[in-house]
Amino acid sequence: MRTRMQVGLVVGLSALALLQAAPAGDPITVGSVRQLFIDNYLVDRMDGAALKLHPPVSTETVLEPDSPWEGQTLAYPSVLKDGDRYRLYYRASGPPLDAPATIAAGDQKQMEWSYTALAESRDGIRWTKPKLGLVDFKGSRQNNLVWPTQGNEGRDLIPFLDSNPAASPNERYKALAALTTVSLGAVASPDGMHWHAMRKEPVIANLPLNPMMDPPNHAFWDTEQKQYVAYLRGWIHDRIRSIRRCTSKDFLNWSVPEYIDMGSEIEHLYTNMATPYERAPGIYFMFAKRFVPWRKFFPDWPYWGLSEIVLLASRDGTHFPRTFMEPFVRPGLDPLNWHERALIMAKGILQTSPTEMSLYHFEHYRTKAVRLRRDVLRPDGFISVHAPYPGGEFTTKPLIFKGKNLQINYSTSVAGGIRVEVQNEGGQPIPAFRLDEAEEIFGDEVNRGVTWRIDQQIRQQGGHRYLVRASDLSELAGRPIRLRFVMKMADLYSFRFTD
């Protein structure tokens, strides 16, 4: 009679023997970091399955203009979490809500004023606008404006909470401020409300070849690369709107910006809102505005162009392959979104519940109905590997992991399912973790452990017989393995190894 410990030892020795016999390869070290399918980087072979883009579901309106300083061009939202509260920064700018749409005065002059405003929330849904008493607007400081304060310059702040361990307590928050159309300044704050200039002179200015830096221009501390990263507006050949990137160690001295690599497809993209994804360090999402300048839906609208939001993703913050050219957020049936700059996505992703992430976008730009909407996705729910009714499967490249259990984020039909096989580097199934030993998984869960049935019967006292359910992969940790996912009517959003 074998005990559970003896069965585990037999399984472990068999697995190790197969691993040691596997041919050498070029494995990917995943450790215990969550892995997302933003591209085919992890995939070696795929049959009957494909990557699928999942647009968010737009829900309630969470912010509307209700004060004199909030005009038609509310824009450039950014969200973050500080302690137990969420914060939303946005541009509060003119013209007044009742002003007619016109281009006679030029876009910047037509705005009349431009400030950075703050709203706060405990749940990401209900937002309040605190009366801060910091910025004068037409003789009153009873407003939620934080910048520019008296004696300071700059606009279009997109603040971030600085996670640099060397950051000064007086500079917990930072942002780039547009001083002119060709220069940016650096500003900081201890609390996200009281801001000051870090340097009187611009920190980025008069860039070679293409000095224009219309907003938004924003930055963050990259915890993986241990440096500040900024994404700036730019023009390719002075004709096509695009995105540049530069870096800094101190937020004051910046490298010369270079255009990010978005592959061979060239189109107008701006208001990039690049955001590091905290659930999977090393992944970056970009919610860019696709702009089609030569189209007009309403003949009497004074501006040319149409826009929508596209999703780009990167593993290094520099290369953003266009895995999907399809839109992430469409204008939809709402006619007020069918004009030139109607949709503007927020920088930042808030996890507002264990099963929900909140994103935000302004819509109805340049109208009196301008407003901020909340969009929801499941965690990691941007892109999945999808298998239809006939079924499909894929096998990963060799992976080196840390931990003992495999967790997946998935969704299936009631008639669908997922089974997982663990293979050695050469693609041979490892005993105890073969496909016919895998427990079929069905349902809809953000975290689900993968298990296998050990293919050995064990006789207990009294003659009872049963199969052992196994999930412990610790004997395989640190050695190259492959994962084979066999799926039907299912989506796999992410996986990770845990203790």
# chains A, B, ... in the order shown; residues from 1 in each chain; ligands from 1
$ residues_around --residues "Ala288 in chain A" --least-positions-apart "4" --cutoff "6 Å" --atoms "only C-alpha atoms" --output "PyMOL selection string"
chain A and resi 270-272+309-310
$ residues_around --residues "Asp316 in chain A" --least-positions-apart "4" --cutoff "10 Å" --atoms "only C-alpha atoms" --output "PyMOL selection string"
chain A and resi 224-225+282-284+320
$ write_last_selection --atoms "N, CA and C atoms" --output "PDB file, in the first residue's frame"
ATOM      1  N   GLU A 224       9.719  49.026 -12.523  1.00  0.00           N
ATOM      2  CA  GLU A 224      10.518  47.964 -13.114  1.00  0.00           C
ATOM      3  C   GLU A 224      11.846  48.499 -13.639  1.00  0.00           C
ATOM      4  N   GLN A 225      11.804  49.638 -14.311  1.00  0.00           N
ATOM      5  CA  GLN A 225      13.004  50.211 -14.915  1.00  0.00           C
ATOM      6  C   GLN A 225      13.724  51.179 -13.984  1.00  0.00           C
ATOM      7  N   GLY A 282       5.669  45.235 -15.448  1.00  0.00           N
ATOM      8  CA  GLY A 282       6.331  45.032 -16.730  1.00  0.00           C
ATOM      9  C   GLY A 282       5.393  45.111 -17.912  1.00  0.00           C
ATOM     10  N   ILE A 283       4.082  45.233 -17.638  1.00  0.00           N
ATOM     11  CA  ILE A 283       3.085  45.408 -18.702  1.00  0.00           C
ATOM     12  C   ILE A 283       2.619  46.858 -18.681  1.00  0.00           C
ATOM     13  N   TYR A 284       2.499  47.460 -19.865  1.00  0.00           N
ATOM     14  CA  TYR A 284       2.053  48.843 -20.002  1.00  0.00           C
ATOM     15  C   TYR A 284       0.897  48.885 -20.994  1.00  0.00           C
ATOM     16  N   PHE A 320       5.174  49.112 -28.802  1.00  0.00           N
ATOM     17  CA  PHE A 320       3.737  48.896 -28.637  1.00  0.00           C
ATOM     18  C   PHE A 320       3.176  48.287 -29.922  1.00  0.00           C
TER      19      PHE A 320
END
$ atom_distance --atom1 "CA of Glu258 in chain A" --atom2 "CA of Leu51 in chain A"
29.5 Å
$ residues_around --residues "Ser242 in chain A" --least-positions-apart "5" --cutoff "6 Å" --atoms "only C-alpha atoms" --output "list in words"
Gly234, Trp235, Leu269 and Tyr270 of chain A
$ select_by_dssp --residues "range 4-247 of chain A" --states "strand (DSSP E)" --output "JSON, numbers by chain"
{"A": [28, 29, 30, 31, 35, 36, 43, 44, 45, 46, 47, 50, 51, 52, 53, 57, 58, 59, 60, 61, 62, 63, 75, 76, 77, 78, 79, 80, 81, 82, 85, 86, 87, 88, 89, 90, 91, 92, 93, 114, 115, 116, 117, 118, 119, 120, 121, 127, 128, 145, 146, 147, 160, 161, 173, 174, 175, 176, 177, 178, 179, 180, 183, 184, 185, 186, 187, 188, 189, 196, 197, 204, 205, 218, 219, 220, 221, 222, 227, 228, 229, 230, 231, 232, 233, 234, 235, 236, 240, 241, 242, 243, 244, 245, 246, 247]}
$ atom_distance --atom1 "CA of Asp499 in chain A" --atom2 "CA of Asn447 in chain A"
13.4 Å
$ closest_residue --among "A:His194, A:His218, A:Lys488, A:Arg45" --to "Pro398 in chain A" --atoms "only C-alpha atoms"
A:Arg45
$ closest_residue --among "A:Lys289, A:Lys52, A:His268, A:His196" --to "Ala346 in chain A" --atoms "only C-alpha atoms"
A:Lys289
$ residues_around --residues "range 475-482 of chain A" --least-positions-apart "6" --cutoff "7 Å" --atoms "only C-alpha atoms" --output "ChimeraX atom specification"
/A:12,27,395-403,422-425,427
$ residues_around --residues "Ala167 in chain A" --least-positions-apart "5" --cutoff "9 Å" --atoms "only C-alpha atoms" --output "ChimeraX atom specification"
/A:162,172,250
$ atom_distance --atom1 "CA of Pro100 in chain A" --atom2 "CA of Ser67 in chain A"
18.3 Å
$ residues_around --residues "Gln35 in chain A" --least-positions-apart "6" --cutoff "9 Å" --atoms "only C-alpha atoms" --output "list in words"
Leu42, Ala280, Tyr493, Ser494, Phe495 and Arg496 of chain A
$ select_by_dssp --residues "range 69-239 of chain A" --states "helix (DSSP H, G or I)" --output "VMD selection string"
chain A and resid 107 to 111 169 to 171
$ write_last_selection --atoms "C-alpha atoms" --output "CSV table (one decimal), in the first residue's frame"
chain,number,residue,atom,x,y,z
A,107,ASP,CA,-8.8,76.5,-30.4
A,108,GLN,CA,-6.6,77.7,-27.5
A,109,LYS,CA,-8.1,81.2,-27.4
A,110,GLN,CA,-11.6,79.8,-27.5
A,111,MET,CA,-11.0,77.9,-24.3
A,169,PRO,CA,8.0,63.7,1.2
A,170,ASN,CA,7.4,67.2,-0.2
A,171,GLU,CA,7.3,65.8,-3.7
$ residues_around --residues "range 132-149 of chain A" --least-positions-apart "4" --cutoff "6 Å" --atoms "only C-alpha atoms" --output "list in words"
Tyr115, Thr116, Ala117, Leu118, Glu153 and Met193 of chain A
$ closest_residue --among "A:Trp195, A:Phe298, A:Tyr86, A:Tyr231" --to "Met213 in chain A" --atoms "only C-alpha atoms"
A:Tyr231
$ closest_residue --among "A:Ile38, A:Asp66, A:Met212, A:Ser183" --to "Leu311 in chain A" --atoms "only C-alpha atoms"
A:Ile38
$ decode --residues "range 95-247 of chain A" --atoms "C-alpha atoms" --output "PDB file, in the first residue's frame"
ATOM      1  CA  PRO A  95     -15.561  78.155 -23.210  1.00  0.00           C
ATOM      2  CA  PRO A  96     -18.752  78.451 -21.138  1.00  0.00           C
ATOM      3  CA  LEU A  97     -21.264  75.640 -21.582  1.00  0.00           C
ATOM      4  CA  ASP A  98     -23.662  77.836 -23.544  1.00  0.00           C
ATOM      5  CA  ALA A  99     -21.057  79.161 -26.012  1.00  0.00           C
ATOM      6  CA  PRO A 100     -21.645  78.298 -29.680  1.00  0.00           C
ATOM      7  CA  ALA A 101     -19.213  75.960 -31.435  1.00  0.00           C
ATOM      8  CA  THR A 102     -16.862  78.093 -33.530  1.00  0.00           C
ATOM      9  CA  ILE A 103     -13.283  78.030 -34.742  1.00  0.00           C
ATOM     10  CA  ALA A 104     -13.025  81.731 -35.494  1.00  0.00           C
ATOM     11  CA  ALA A 105     -10.849  82.535 -32.453  1.00  0.00           C
ATOM     12  CA  GLY A 106      -8.642  79.437 -32.651  1.00  0.00           C
ATOM     13  CA  ASP A 107      -8.844  76.452 -30.374  1.00  0.00           C
ATOM     14  CA  GLN A 108      -6.612  77.679 -27.504  1.00  0.00           C
ATOM     15  CA  LYS A 109      -8.108  81.170 -27.439  1.00  0.00           C
ATOM     16  CA  GLN A 110     -11.625  79.768 -27.548  1.00  0.00           C
ATOM     17  CA  MET A 111     -11.000  77.879 -24.281  1.00  0.00           C
ATOM     18  CA  GLU A 112     -10.650  81.272 -22.512  1.00  0.00           C
ATOM     19  CA  TRP A 113      -9.297  79.632 -19.317  1.00  0.00           C
ATOM     20  CA  SER A 114      -7.623  76.379 -18.314  1.00  0.00           C
ATOM     21  CA  TYR A 115      -7.039  74.940 -14.829  1.00  0.00           C
ATOM     22  CA  THR A 116      -6.377  71.564 -13.245  1.00  0.00           C
ATOM     23  CA  ALA A 117      -9.208  70.395 -10.972  1.00  0.00           C
ATOM     24  CA  LEU A 118      -9.494  67.644  -8.349  1.00  0.00           C
ATOM     25  CA  ALA A 119     -12.321  65.286  -7.390  1.00  0.00           C
ATOM     26  CA  GLU A 120     -12.253  62.530  -4.757  1.00  0.00           C
ATOM     27  CA  SER A 121     -14.103  59.269  -4.173  1.00  0.00           C
ATOM     28  CA  ARG A 122     -14.214  56.335  -1.762  1.00  0.00           C
ATOM     29  CA  ASP A 123     -15.572  53.850  -4.296  1.00  0.00           C
ATOM     30  CA  GLY A 124     -14.620  55.150  -7.754  1.00  0.00           C
ATOM     31  CA  ILE A 125     -18.280  55.774  -8.578  1.00  0.00           C
ATOM     32  CA  ARG A 126     -19.464  58.699  -6.458  1.00  0.00           C
ATOM     33  CA  TRP A 127     -17.089  61.647  -6.786  1.00  0.00           C
ATOM     34  CA  THR A 128     -17.076  64.897  -4.829  1.00  0.00           C
ATOM     35  CA  LYS A 129     -15.431  68.203  -5.711  1.00  0.00           C
ATOM     36  CA  PRO A 130     -13.845  69.664  -2.556  1.00  0.00           C
ATOM     37  CA  LYS A 131     -13.743  73.387  -1.994  1.00  0.00           C
ATOM     38  CA  LEU A 132      -9.983  73.839  -1.608  1.00  0.00           C
ATOM     39  CA  GLY A 133      -9.524  77.610  -1.460  1.00  0.00           C
ATOM     40  CA  LEU A 134      -6.288  77.494  -3.474  1.00  0.00           C
ATOM     41  CA  VAL A 135      -6.909  79.073  -6.893  1.00  0.00           C
ATOM     42  CA  ASP A 136      -8.741  82.280  -7.684  1.00  0.00           C
ATOM     43  CA  PHE A 137     -11.411  82.027 -10.372  1.00  0.00           C
ATOM     44  CA  LYS A 138     -13.126  85.319 -11.149  1.00  0.00           C
ATOM     45  CA  GLY A 139     -12.744  86.622  -7.616  1.00  0.00           C
ATOM     46  CA  SER A 140     -13.514  83.459  -5.646  1.00  0.00           C
ATOM     47  CA  ARG A 141     -11.422  80.585  -4.288  1.00  0.00           C
ATOM     48  CA  GLN A 142     -14.394  78.414  -3.373  1.00  0.00           C
ATOM     49  CA  ASN A 143     -13.618  75.789  -5.982  1.00  0.00           C
ATOM     50  CA  ASN A 144     -11.815  72.476  -6.556  1.00  0.00           C
ATOM     51  CA  LEU A 145      -8.979  73.942  -8.645  1.00  0.00           C
ATOM     52  CA  VAL A 146      -5.382  73.101  -7.732  1.00  0.00           C
ATOM     53  CA  TRP A 147      -3.302  74.690 -10.525  1.00  0.00           C
ATOM     54  CA  PRO A 148      -2.002  77.185 -11.542  1.00  0.00           C
ATOM     55  CA  THR A 149      -1.803  79.013  -8.250  1.00  0.00           C
ATOM     56  CA  GLN A 150      -0.893  82.699  -8.047  1.00  0.00           C
ATOM     57  CA  GLY A 151       2.594  83.376  -9.352  1.00  0.00           C
ATOM     58  CA  ASN A 152       2.920  79.997 -11.077  1.00  0.00           C
ATOM     59  CA  GLU A 153       2.604  79.050 -14.719  1.00  0.00           C
ATOM     60  CA  GLY A 154       1.596  75.984 -16.674  1.00  0.00           C
ATOM     61  CA  ARG A 155      -1.476  73.949 -17.432  1.00  0.00           C
ATOM     62  CA  ASP A 156      -2.722  70.457 -18.295  1.00  0.00           C
ATOM     63  CA  LEU A 157      -1.295  68.626 -15.292  1.00  0.00           C
ATOM     64  CA  ILE A 158      -1.673  64.838 -15.291  1.00  0.00           C
ATOM     65  CA  PRO A 159      -0.436  64.030 -11.773  1.00  0.00           C
ATOM     66  CA  PHE A 160       0.950  60.723 -10.530  1.00  0.00           C
ATOM     67  CA  LEU A 161       1.780  59.415  -7.077  1.00  0.00           C
ATOM     68  CA  ASP A 162       5.544  58.980  -7.049  1.00  0.00           C
ATOM     69  CA  SER A 163       6.551  55.476  -5.898  1.00  0.00           C
ATOM     70  CA  ASN A 164      10.267  56.229  -6.197  1.00  0.00           C
ATOM     71  CA  PRO A 165      11.649  55.236  -2.764  1.00  0.00           C
ATOM     72  CA  ALA A 166      14.059  58.193  -2.973  1.00  0.00           C
ATOM     73  CA  ALA A 167      11.302  60.751  -3.564  1.00  0.00           C
ATOM     74  CA  SER A 168      11.127  63.632  -1.096  1.00  0.00           C
ATOM     75  CA  PRO A 169       8.017  63.726   1.154  1.00  0.00           C
ATOM     76  CA  ASN A 170       7.450  67.222  -0.214  1.00  0.00           C
ATOM     77  CA  GLU A 171       7.253  65.751  -3.731  1.00  0.00           C
ATOM     78  CA  ARG A 172       5.029  62.675  -3.269  1.00  0.00           C
ATOM     79  CA  TYR A 173       2.998  63.843  -6.256  1.00  0.00           C
ATOM     80  CA  LYS A 174       4.562  65.005  -9.510  1.00  0.00           C
ATOM     81  CA  ALA A 175       3.428  66.161 -12.932  1.00  0.00           C
ATOM     82  CA  LEU A 176       4.613  67.845 -16.096  1.00  0.00           C
ATOM     83  CA  ALA A 177       3.037  71.232 -16.796  1.00  0.00           C
ATOM     84  CA  ALA A 178       2.684  72.794 -20.230  1.00  0.00           C
ATOM     85  CA  LEU A 179       4.427  76.175 -20.001  1.00  0.00           C
ATOM     86  CA  THR A 180       4.124  76.880 -23.720  1.00  0.00           C
ATOM     87  CA  THR A 181       3.415  74.767 -26.781  1.00  0.00           C
ATOM     88  CA  VAL A 182       7.133  73.930 -26.954  1.00  0.00           C
ATOM     89  CA  SER A 183       8.149  73.701 -23.268  1.00  0.00           C
ATOM     90  CA  LEU A 184       7.250  71.669 -20.184  1.00  0.00           C
ATOM     91  CA  GLY A 185       7.920  72.390 -16.532  1.00  0.00           C
ATOM     92  CA  ALA A 186       8.107  70.051 -13.528  1.00  0.00           C
ATOM     93  CA  VAL A 187       5.737  70.532 -10.580  1.00  0.00           C
ATOM     94  CA  ALA A 188       5.356  68.607  -7.327  1.00  0.00           C
ATOM     95  CA  SER A 189       3.154  68.385  -4.253  1.00  0.00           C
ATOM     96  CA  PRO A 190       3.293  66.760  -0.813  1.00  0.00           C
ATOM     97  CA  ASP A 191      -0.444  66.020  -0.758  1.00  0.00           C
ATOM     98  CA  GLY A 192      -1.797  66.289  -4.316  1.00  0.00           C
ATOM     99  CA  MET A 193      -3.437  69.648  -3.566  1.00  0.00           C
ATOM    100  CA  HIS A 194      -0.691  72.170  -2.779  1.00  0.00           C
ATOM    101  CA  TRP A 195       1.625  72.305  -5.787  1.00  0.00           C
ATOM    102  CA  HIS A 196       4.900  74.097  -6.447  1.00  0.00           C
ATOM    103  CA  ALA A 197       7.335  74.364  -9.334  1.00  0.00           C
ATOM    104  CA  MET A 198      10.385  72.114  -8.934  1.00  0.00           C
ATOM    105  CA  ARG A 199      12.407  74.419 -11.163  1.00  0.00           C
ATOM    106  CA  LYS A 200      11.683  77.828 -12.636  1.00  0.00           C
ATOM    107  CA  GLU A 201      13.095  76.905 -16.038  1.00  0.00           C
ATOM    108  CA  PRO A 202      11.520  74.291 -18.343  1.00  0.00           C
ATOM    109  CA  VAL A 203      12.743  70.702 -17.976  1.00  0.00           C
ATOM    110  CA  ILE A 204      11.866  69.739 -21.566  1.00  0.00           C
ATOM    111  CA  ALA A 205      11.873  72.417 -24.241  1.00  0.00           C
ATOM    112  CA  ASN A 206      12.512  73.239 -27.904  1.00  0.00           C
ATOM    113  CA  LEU A 207      12.985  69.650 -29.000  1.00  0.00           C
ATOM    114  CA  PRO A 208      14.978  69.153 -32.202  1.00  0.00           C
ATOM    115  CA  LEU A 209      13.131  68.681 -35.503  1.00  0.00           C
ATOM    116  CA  ASN A 210       9.691  68.787 -33.891  1.00  0.00           C
ATOM    117  CA  PRO A 211       9.393  71.159 -30.903  1.00  0.00           C
ATOM    118  CA  MET A 212       5.569  71.115 -30.688  1.00  0.00           C
ATOM    119  CA  MET A 213       4.249  69.458 -27.496  1.00  0.00           C
ATOM    120  CA  ASP A 214       0.502  69.993 -27.368  1.00  0.00           C
ATOM    121  CA  PRO A 215      -1.114  68.277 -24.369  1.00  0.00           C
ATOM    122  CA  PRO A 216      -1.351  65.787 -22.936  1.00  0.00           C
ATOM    123  CA  ASN A 217       2.238  65.155 -21.863  1.00  0.00           C
ATOM    124  CA  HIS A 218       2.573  63.000 -18.789  1.00  0.00           C
ATOM    125  CA  ALA A 219       4.973  60.881 -16.776  1.00  0.00           C
ATOM    126  CA  PHE A 220       5.278  58.256 -14.028  1.00  0.00           C
ATOM    127  CA  TRP A 221       7.909  56.427 -11.998  1.00  0.00           C
ATOM    128  CA  ASP A 222       8.580  53.057 -13.612  1.00  0.00           C
ATOM    129  CA  THR A 223       9.099  50.601 -10.754  1.00  0.00           C
ATOM    130  CA  GLU A 224      10.518  47.964 -13.114  1.00  0.00           C
ATOM    131  CA  GLN A 225      13.004  50.211 -14.915  1.00  0.00           C
ATOM    132  CA  LYS A 226      13.688  52.391 -11.857  1.00  0.00           C
ATOM    133  CA  GLN A 227      13.425  55.662 -13.729  1.00  0.00           C
ATOM    134  CA  TYR A 228      10.881  58.325 -14.618  1.00  0.00           C
ATOM    135  CA  VAL A 229       9.260  57.856 -18.000  1.00  0.00           C
ATOM    136  CA  ALA A 230       7.421  60.555 -19.942  1.00  0.00           C
ATOM    137  CA  TYR A 231       5.180  60.204 -22.983  1.00  0.00           C
ATOM    138  CA  LEU A 232       4.905  63.314 -25.142  1.00  0.00           C
ATOM    139  CA  ARG A 233       3.010  64.482 -28.187  1.00  0.00           C
ATOM    140  CA  GLY A 234       4.847  64.519 -31.473  1.00  0.00           C
ATOM    141  CA  TRP A 235       4.408  64.738 -35.232  1.00  0.00           C
ATOM    142  CA  ILE A 236       5.856  62.320 -37.777  1.00  0.00           C
ATOM    143  CA  HIS A 237       7.151  64.307 -40.784  1.00  0.00           C
ATOM    144  CA  ASP A 238       5.179  67.296 -39.405  1.00  0.00           C
ATOM    145  CA  ARG A 239       2.011  65.603 -40.633  1.00  0.00           C
ATOM    146  CA  ILE A 240       0.996  62.579 -38.552  1.00  0.00           C
ATOM    147  CA  ARG A 241       0.206  62.857 -34.835  1.00  0.00           C
ATOM    148  CA  SER A 242       2.259  60.386 -32.830  1.00  0.00           C
ATOM    149  CA  ILE A 243       3.853  59.694 -29.425  1.00  0.00           C
ATOM    150  CA  ARG A 244       7.377  60.186 -28.075  1.00  0.00           C
ATOM    151  CA  ARG A 245       9.060  58.796 -24.968  1.00  0.00           C
ATOM    152  CA  CYS A 246      11.920  60.024 -22.787  1.00  0.00           C
ATOM    153  CA  THR A 247      13.384  59.088 -19.407  1.00  0.00           C
TER     154      THR A 247
END
